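Q: Please see the structure below; I have some questions.
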Amino acid sequence: MKTRPDDPAAAAWTVLGEVLDPELPVSIVDLGLVYALSFDEGRVSIDLTFTATACPCMEFIREDIEDRLLRETWIDAVEI
């Protein structure tokens, strides 16, 4: 069952707080890497940056974000 939270954008921010930078065991939210997040009809859109221009962990971080958000039944798609 897809039970959507009352404020899905705020809930998605909370979920993103569980995603850690692979090099630093700190949340990508706490590091300030996520600039913006929006929720529309099951789709979460995220604007983010990385700790370095050629960050070797960019794909790992993207995969971790998608994997974590898509575990939520009320999220159908993630756009980064």
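As shown in the structure tokens, the chain order sets the letters A, B, ...; within each chain, residues go from 1, and ligands are also counted from 1 in the order they appear.
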Write out as a count of residues only each polymer residue whose atoms come within 6 Å of segment 41-45 of chain A, counting only C-alpha atoms; drop sequence neighbours fewer than 6 positions from it.

A: 6

Q: Excluding Thr51 of chain A and any residue of its chain fewer than 5 positions from it, enumerate the residues within 12 Å of it, using only C-alpha atoms, and give them as a PyMOL selection string.

A: chain A and resi 21-24+26+28+31-34+56-58+61

Q: If you measure from atom CA of Asp7 of chain A to atom CA of Glu59 of chain A, what distance in Å do you get, rounded to one decimal?

A: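 Atom CA of Glu59 of chain A lies 28.3 Å from atom CA of Asp7 of chain A.
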